[in-house]
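Engineer: Please see the structure below; I have some questions.
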Amino acid sequence: AARAALQVPRSSSRPPSSYQTRTSDGSSCSAALKAASAAERSPSRAETWAWRWNRSGRPGEIAWAQLPLVGLAAAATVIASQAVISGAFSVTQQAVQLGLLPRLEVRHTSAEEYGQIYVPWVNFALLAAVVGLVLGFQSSDRLAGAYGVALSATMVITTVLAALCIRRVTSWPLVLIAPLLTLFLLIDLGFFASNLFKISDGGWFSILVALLIAALMATWRRGREVMVAVRAEGALPIDGFIARLRPDHPLRVPGTAIYLTARLDVTPNALLHT
C-alpha cells in the first residue's frame, strides 16, 4: 500500500489530494489504501510519482544534485573496490605462507611497507569474477542477495577468529571471552539468519564460491601432507649426512649456499643433488 501510494495516473502532473500521505481527517492508512485501489484499477496508467516529480523538474533544487550524487557513488565504489583488492592480496599471501594455496608471484611495491603487495594472478582473477558477476546478475538488486549472505557470513567468521586469537595471544580465561563472544555472535548470527532467505535470490553464489575455495585449500594442503610424508620415508637424516663427509679433507666450493627446508632433522633433497 505504501508503494502504491506513490503511483498516480499519467495524466496528472501533480499528485491529487487523495494521494497525499495524509488525508484531511489525518488518516494516512486511508490515503494509502485509496492510492492502492486507484493504481489497481488502472495499472497501465500508473507510474511512480516520485520519479515523475523529479523528472519534471518542479523542485529545481533536486535536479542539480543528481550529478554530484552519482560522482559520490562512483567515488565510494572505487574506494570499496580498492579495499577488496588489497584484502584479497593480503589474504592470498597469508594462505600461501600457511601452505593452503600454491605458490604465487607476490610483488612488493614498497621498499618500506611490507604489506604493500601486488599479486598479478589474483588481480586478473578478480577482474574476471567482476565481469562474470555483472553479466550474470545484470543488476545490483539481484546481486544484493549474494552480497548479504557473504557479508553476514564474514561477520560470523571474523567474530569466531577474533575469539580464537584473543584466547591464544592474550591467554584470557574463557570466563571473560565467552560473554564477549556470545554478545557479538548473537548479533552476527541474527544478520546471517535473516540473509538465509536470500539464498535462492543470489545468495547461493556466495556459498558456492566459498565451498570451491575451501575445497581448493583442503585439497592442496592434503596433497602437500602426502608429498611430505612420501619424501620423509626416503630422506637421509642430517646426522648420517654429516657422518658421511670426509672430516679430514672435505670438498669445498667458494661461496655460501643456503638450503631452505621445513624439517631440521633430515637432509634437504637439493643439498643431496649438489
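In the C-alpha cells, chains take letters A, B, ... by order of appearance, with residues numbered from 1 within each chain and ligands from 1 in the order shown.
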Using only C-alpha atoms, determine which residues lie at most 12 Å from Ile213 (chain A), disregarding the query and same-chain residues fewer than 4 positions distant; provide the list as number ranges by chain.
Structural biologist: A: 92, 95, 100-101, 206-209, 217-220
Engineer: Those same residues - N, CA, C and O atoms - I'd like them written as a PDB file, in the first residue's frame.
Structural biologist:
ATOM      1  N   THR A  92      45.527 -13.787   0.246  1.00  0.00           N
ATOM      2  CA  THR A  92      46.176 -14.770  -0.628  1.00  0.00           C
ATOM      3  C   THR A  92      47.616 -15.023  -0.195  1.00  0.00           C
ATOM      4  O   THR A  92      48.082 -16.169  -0.145  1.00  0.00           O
ATOM      5  N   ALA A  95      47.573 -17.143   2.897  1.00  0.00           N
ATOM      6  CA  ALA A  95      47.199 -18.528   2.594  1.00  0.00           C
ATOM      7  C   ALA A  95      48.362 -19.287   1.967  1.00  0.00           C
ATOM      8  O   ALA A  95      48.573 -20.477   2.259  1.00  0.00           O
ATOM      9  N   LEU A 100      48.198 -23.286   2.273  1.00  0.00           N
ATOM     10  CA  LEU A 100      46.828 -23.574   1.859  1.00  0.00           C
ATOM     11  C   LEU A 100      46.592 -23.317   0.382  1.00  0.00           C
ATOM     12  O   LEU A 100      45.557 -23.727  -0.158  1.00  0.00           O
ATOM     13  N   LEU A 101      47.514 -22.652  -0.287  1.00  0.00           N
ATOM     14  CA  LEU A 101      47.395 -22.359  -1.710  1.00  0.00           C
ATOM     15  C   LEU A 101      48.740 -22.602  -2.384  1.00  0.00           C
ATOM     16  O   LEU A 101      49.787 -22.553  -1.729  1.00  0.00           O
ATOM     17  N   SER A 206      27.459 -16.918  -3.380  1.00  0.00           N
ATOM     18  CA  SER A 206      28.486 -16.720  -2.357  1.00  0.00           C
ATOM     19  C   SER A 206      28.851 -18.035  -1.679  1.00  0.00           C
ATOM     20  O   SER A 206      30.034 -18.308  -1.434  1.00  0.00           O
ATOM     21  N   ILE A 207      27.845 -18.852  -1.382  1.00  0.00           N
ATOM     22  CA  ILE A 207      28.107 -20.147  -0.748  1.00  0.00           C
ATOM     23  C   ILE A 207      28.886 -21.046  -1.687  1.00  0.00           C
ATOM     24  O   ILE A 207      29.823 -21.752  -1.266  1.00  0.00           O
ATOM     25  N   LEU A 208      28.552 -21.030  -2.984  1.00  0.00           N
ATOM     26  CA  LEU A 208      29.251 -21.867  -3.950  1.00  0.00           C
ATOM     27  C   LEU A 208      30.718 -21.466  -4.075  1.00  0.00           C
ATOM     28  O   LEU A 208      31.619 -22.321  -4.082  1.00  0.00           O
ATOM     29  N   VAL A 209      30.987 -20.167  -4.148  1.00  0.00           N
ATOM     30  CA  VAL A 209      32.372 -19.697  -4.250  1.00  0.00           C
ATOM     31  C   VAL A 209      33.158 -20.066  -2.996  1.00  0.00           C
ATOM     32  O   VAL A 209      34.322 -20.509  -3.074  1.00  0.00           O
ATOM     33  N   MET A 217      41.665 -25.225  -1.005  1.00  0.00           N
ATOM     34  CA  MET A 217      42.636 -25.161   0.091  1.00  0.00           C
ATOM     35  C   MET A 217      42.815 -26.515   0.759  1.00  0.00           C
ATOM     36  O   MET A 217      43.947 -26.934   1.047  1.00  0.00           O
ATOM     37  N   ALA A 218      41.725 -27.215   1.016  1.00  0.00           N
ATOM     38  CA  ALA A 218      41.817 -28.514   1.675  1.00  0.00           C
ATOM     39  C   ALA A 218      42.556 -29.518   0.790  1.00  0.00           C
ATOM     40  O   ALA A 218      43.375 -30.317   1.281  1.00  0.00           O
ATOM     41  N   THR A 219      42.281 -29.490  -0.519  1.00  0.00           N
ATOM     42  CA  THR A 219      42.952 -30.409  -1.439  1.00  0.00           C
ATOM     43  C   THR A 219      44.449 -30.134  -1.514  1.00  0.00           C
ATOM     44  O   THR A 219      45.266 -31.059  -1.481  1.00  0.00           O
ATOM     45  N   TRP A 220      44.806 -28.854  -1.615  1.00  0.00           N
ATOM     46  CA  TRP A 220      46.217 -28.510  -1.699  1.00  0.00           C
ATOM     47  C   TRP A 220      46.963 -28.871  -0.410  1.00  0.00           C
ATOM     48  O   TRP A 220      48.086 -29.393  -0.457  1.00  0.00           O
TER      49      TRP A 220
END
Engineer: As JSON, numbers by chain, please: the residues near Arg221 (chain A) (cut-off 12 Å, only C-alpha atoms, same-chain neighbours under 6 positions excluded).
Structural biologist: {"A": [95, 96, 97, 98, 99, 100, 101, 102, 214, 215, 227, 228]}
Engineer: Please produce a file of the residues just selected, as a PDB file, in the first residue's frame, where the atoms kept are N, CA and C atoms.
Structural biologist:
ATOM      1  N   ALA A  95      47.573 -17.143   2.897  1.00  0.00           N
ATOM      2  CA  ALA A  95      47.199 -18.528   2.594  1.00  0.00           C
ATOM      3  C   ALA A  95      48.362 -19.287   1.967  1.00  0.00           C
ATOM      4  N   VAL A  96      49.143 -18.623   1.125  1.00  0.00           N
ATOM      5  CA  VAL A  96      50.317 -19.263   0.530  1.00  0.00           C
ATOM      6  C   VAL A  96      51.346 -19.580   1.603  1.00  0.00           C
ATOM      7  N   GLN A  97      51.571 -18.651   2.527  1.00  0.00           N
ATOM      8  CA  GLN A  97      52.546 -18.881   3.596  1.00  0.00           C
ATOM      9  C   GLN A  97      52.116 -19.992   4.540  1.00  0.00           C
ATOM     10  N   LEU A  98      50.824 -20.181   4.694  1.00  0.00           N
ATOM     11  CA  LEU A  98      50.316 -21.251   5.555  1.00  0.00           C
ATOM     12  C   LEU A  98      50.225 -22.586   4.830  1.00  0.00           C
ATOM     13  N   GLY A  99      50.557 -22.616   3.552  1.00  0.00           N
ATOM     14  CA  GLY A  99      50.504 -23.856   2.785  1.00  0.00           C
ATOM     15  C   GLY A  99      49.116 -24.246   2.343  1.00  0.00           C
ATOM     16  N   LEU A 100      48.198 -23.286   2.273  1.00  0.00           N
ATOM     17  CA  LEU A 100      46.828 -23.574   1.859  1.00  0.00           C
ATOM     18  C   LEU A 100      46.592 -23.317   0.382  1.00  0.00           C
ATOM     19  N   LEU A 101      47.514 -22.652  -0.287  1.00  0.00           N
ATOM     20  CA  LEU A 101      47.395 -22.359  -1.710  1.00  0.00           C
ATOM     21  C   LEU A 101      48.740 -22.602  -2.384  1.00  0.00           C
ATOM     22  N   PRO A 102      48.730 -22.841  -3.678  1.00  0.00           N
ATOM     23  CA  PRO A 102      50.010 -22.973  -4.388  1.00  0.00           C
ATOM     24  C   PRO A 102      50.798 -21.662  -4.335  1.00  0.00           C
ATOM     25  N   ALA A 214      37.300 -23.309  -0.349  1.00  0.00           N
ATOM     26  CA  ALA A 214      37.617 -24.203   0.770  1.00  0.00           C
ATOM     27  C   ALA A 214      38.075 -25.574   0.270  1.00  0.00           C
ATOM     28  N   ALA A 215      37.417 -26.081  -0.780  1.00  0.00           N
ATOM     29  CA  ALA A 215      37.825 -27.375  -1.344  1.00  0.00           C
ATOM     30  C   ALA A 215      39.223 -27.291  -1.949  1.00  0.00           C
ATOM     31  N   MET A 227      52.739 -35.519   0.050  1.00  0.00           N
ATOM     32  CA  MET A 227      54.040 -35.371  -0.591  1.00  0.00           C
ATOM     33  C   MET A 227      55.167 -35.335   0.438  1.00  0.00           C
ATOM     34  N   VAL A 228      54.965 -34.580   1.526  1.00  0.00           N
ATOM     35  CA  VAL A 228      55.992 -34.502   2.565  1.00  0.00           C
ATOM     36  C   VAL A 228      56.192 -35.860   3.229  1.00  0.00           C
TER      37      VAL A 228
END
Engineer: Hey, what's within 10 Å of region 107-117 of chain A if we count only C-alpha atoms and toss same-chain stuff fewer than 5 positions away? As a PyMOL selection string, please?
Structural biologist: chain A and resi 86+89-90+93
Engineer: If I take CA of Ala73 (chain A) and CA of Ile187 (chain A), how far is one from the other in Å, to one decimal?
Structural biologist: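 A separation of 28.2 Å between them.
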Engineer: Please provide as a list in words all residues within 12 Å of Leu176 (chain A), with the sequence filter that same-chain residues fewer than 5 positions apart are discarded (counting only C-alpha atoms).
Structural biologist: Ala163, Ile166, Arg167, Thr170, Ser171, Leu181, Thr182 and Leu183 of chain A
Engineer: Limited to N, CA, C and O atoms, could you put the picked residues into a file as a PDB file, in the first residue's frame?
Structural biologist:
ATOM      1  N   ALA A 163      37.880 -14.342  18.562  1.00  0.00           N
ATOM      2  CA  ALA A 163      37.867 -15.004  19.873  1.00  0.00           C
ATOM      3  C   ALA A 163      39.028 -15.979  20.009  1.00  0.00           C
ATOM      4  O   ALA A 163      39.668 -16.062  21.066  1.00  0.00           O
ATOM      5  N   ILE A 166      42.232 -13.940  20.532  1.00  0.00           N
ATOM      6  CA  ILE A 166      42.300 -13.405  21.892  1.00  0.00           C
ATOM      7  C   ILE A 166      42.684 -14.496  22.878  1.00  0.00           C
ATOM      8  O   ILE A 166      43.491 -14.287  23.791  1.00  0.00           O
ATOM      9  N   ARG A 167      42.134 -15.679  22.671  1.00  0.00           N
ATOM     10  CA  ARG A 167      42.419 -16.785  23.586  1.00  0.00           C
ATOM     11  C   ARG A 167      43.879 -17.210  23.505  1.00  0.00           C
ATOM     12  O   ARG A 167      44.531 -17.459  24.527  1.00  0.00           O
ATOM     13  N   THR A 170      46.454 -13.529  24.097  1.00  0.00           N
ATOM     14  CA  THR A 170      46.397 -12.884  25.413  1.00  0.00           C
ATOM     15  C   THR A 170      46.213 -13.860  26.558  1.00  0.00           C
ATOM     16  O   THR A 170      46.396 -13.490  27.712  1.00  0.00           O
ATOM     17  N   SER A 171      45.798 -15.096  26.239  1.00  0.00           N
ATOM     18  CA  SER A 171      45.561 -16.123  27.271  1.00  0.00           C
ATOM     19  C   SER A 171      44.495 -15.684  28.266  1.00  0.00           C
ATOM     20  O   SER A 171      44.574 -15.987  29.465  1.00  0.00           O
ATOM     21  N   LEU A 181      32.141 -12.974  23.248  1.00  0.00           N
ATOM     22  CA  LEU A 181      31.868 -13.736  22.030  1.00  0.00           C
ATOM     23  C   LEU A 181      30.375 -13.963  21.845  1.00  0.00           C
ATOM     24  O   LEU A 181      29.853 -13.860  20.732  1.00  0.00           O
ATOM     25  N   THR A 182      29.688 -14.264  22.927  1.00  0.00           N
ATOM     26  CA  THR A 182      28.241 -14.502  22.832  1.00  0.00           C
ATOM     27  C   THR A 182      27.501 -13.260  22.376  1.00  0.00           C
ATOM     28  O   THR A 182      26.583 -13.336  21.545  1.00  0.00           O
ATOM     29  N   LEU A 183      27.884 -12.104  22.880  1.00  0.00           N
ATOM     30  CA  LEU A 183      27.223 -10.863  22.502  1.00  0.00           C
ATOM     31  C   LEU A 183      27.359 -10.596  21.009  1.00  0.00           C
ATOM     32  O   LEU A 183      26.366 -10.326  20.315  1.00  0.00           O
TER      33      LEU A 183
END
Engineer: Counting only C-alpha atoms, what is within 8 Å of Ser152 (chain A), bar same-chain residues fewer than 2 positions away, as an mmCIF file with N, CA and C atoms, in the first residue's frame?
Structural biologist:
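Below is the file around_28.cif, written as the result:
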data_model
loop_
_atom_site.group_PDB
_atom_site.id
_atom_site.type_symbol
_atom_site.label_atom_id
_atom_site.label_comp_id
_atom_site.auth_asym_id
_atom_site.auth_seq_id
_atom_site.Cartn_x
_atom_site.Cartn_y
_atom_site.Cartn_z
ATOM 1 N N GLY A 148 24.574 -9.911 0.684
ATOM 2 C CA GLY A 148 24.111 -10.033 2.065
ATOM 3 C C GLY A 148 24.590 -11.311 2.726
ATOM 4 N N VAL A 149 24.515 -12.429 2.014
ATOM 5 C CA VAL A 149 24.969 -13.705 2.577
ATOM 6 C C VAL A 149 26.470 -13.675 2.825
ATOM 7 N N ALA A 150 27.238 -13.146 1.864
ATOM 8 C CA ALA A 150 28.694 -13.095 2.018
ATOM 9 C C ALA A 150 29.093 -12.197 3.187
ATOM 10 N N THR A 154 30.782 -13.440 6.691
ATOM 11 C CA THR A 154 32.101 -12.910 7.046
ATOM 12 C C THR A 154 32.108 -12.357 8.461
ATOM 13 N N MET A 155 31.029 -11.714 8.872
ATOM 14 C CA MET A 155 30.938 -11.189 10.235
ATOM 15 C C MET A 155 31.002 -12.320 11.255
ATOM 16 N N VAL A 156 30.295 -13.414 10.996
ATOM 17 C CA VAL A 156 30.310 -14.545 11.927
ATOM 18 C C VAL A 156 31.710 -15.152 12.014
ATOM 19 N N ASP A 188 25.673 -11.133 15.049
ATOM 20 C CA ASP A 188 26.096 -11.606 13.729
ATOM 21 C C ASP A 188 25.226 -12.750 13.232
ATOM 22 N N LEU A 189 24.890 -13.667 14.120
ATOM 23 C CA LEU A 189 24.032 -14.774 13.713
ATOM 24 C C LEU A 189 22.631 -14.302 13.364
ATOM 25 N N PHE A 191 21.954 -11.395 11.862
ATOM 26 C CA PHE A 191 22.074 -10.920 10.492
ATOM 27 C C PHE A 191 22.182 -12.086 9.504
ATOM 28 N N PHE A 192 22.983 -13.086 9.880
ATOM 29 C CA PHE A 192 23.176 -14.219 8.969
ATOM 30 C C PHE A 192 21.880 -15.001 8.778
ATOM 31 N N ASN A 195 19.583 -13.333 6.371
ATOM 32 C CA ASN A 195 20.025 -13.408 4.980
ATOM 33 C C ASN A 195 19.889 -14.802 4.383
#
Engineer: Which is closest to Leu126 (chain A) among A:Ala74, A:Gly87, A:Gln94, A:Leu180, if we use only C-alpha atoms?
Structural biologist: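 Of A:Ala74, A:Gly87, A:Gln94, A:Leu180, the one nearest Leu126 (chain A) is A:Gly87, counting only C-alpha atoms.
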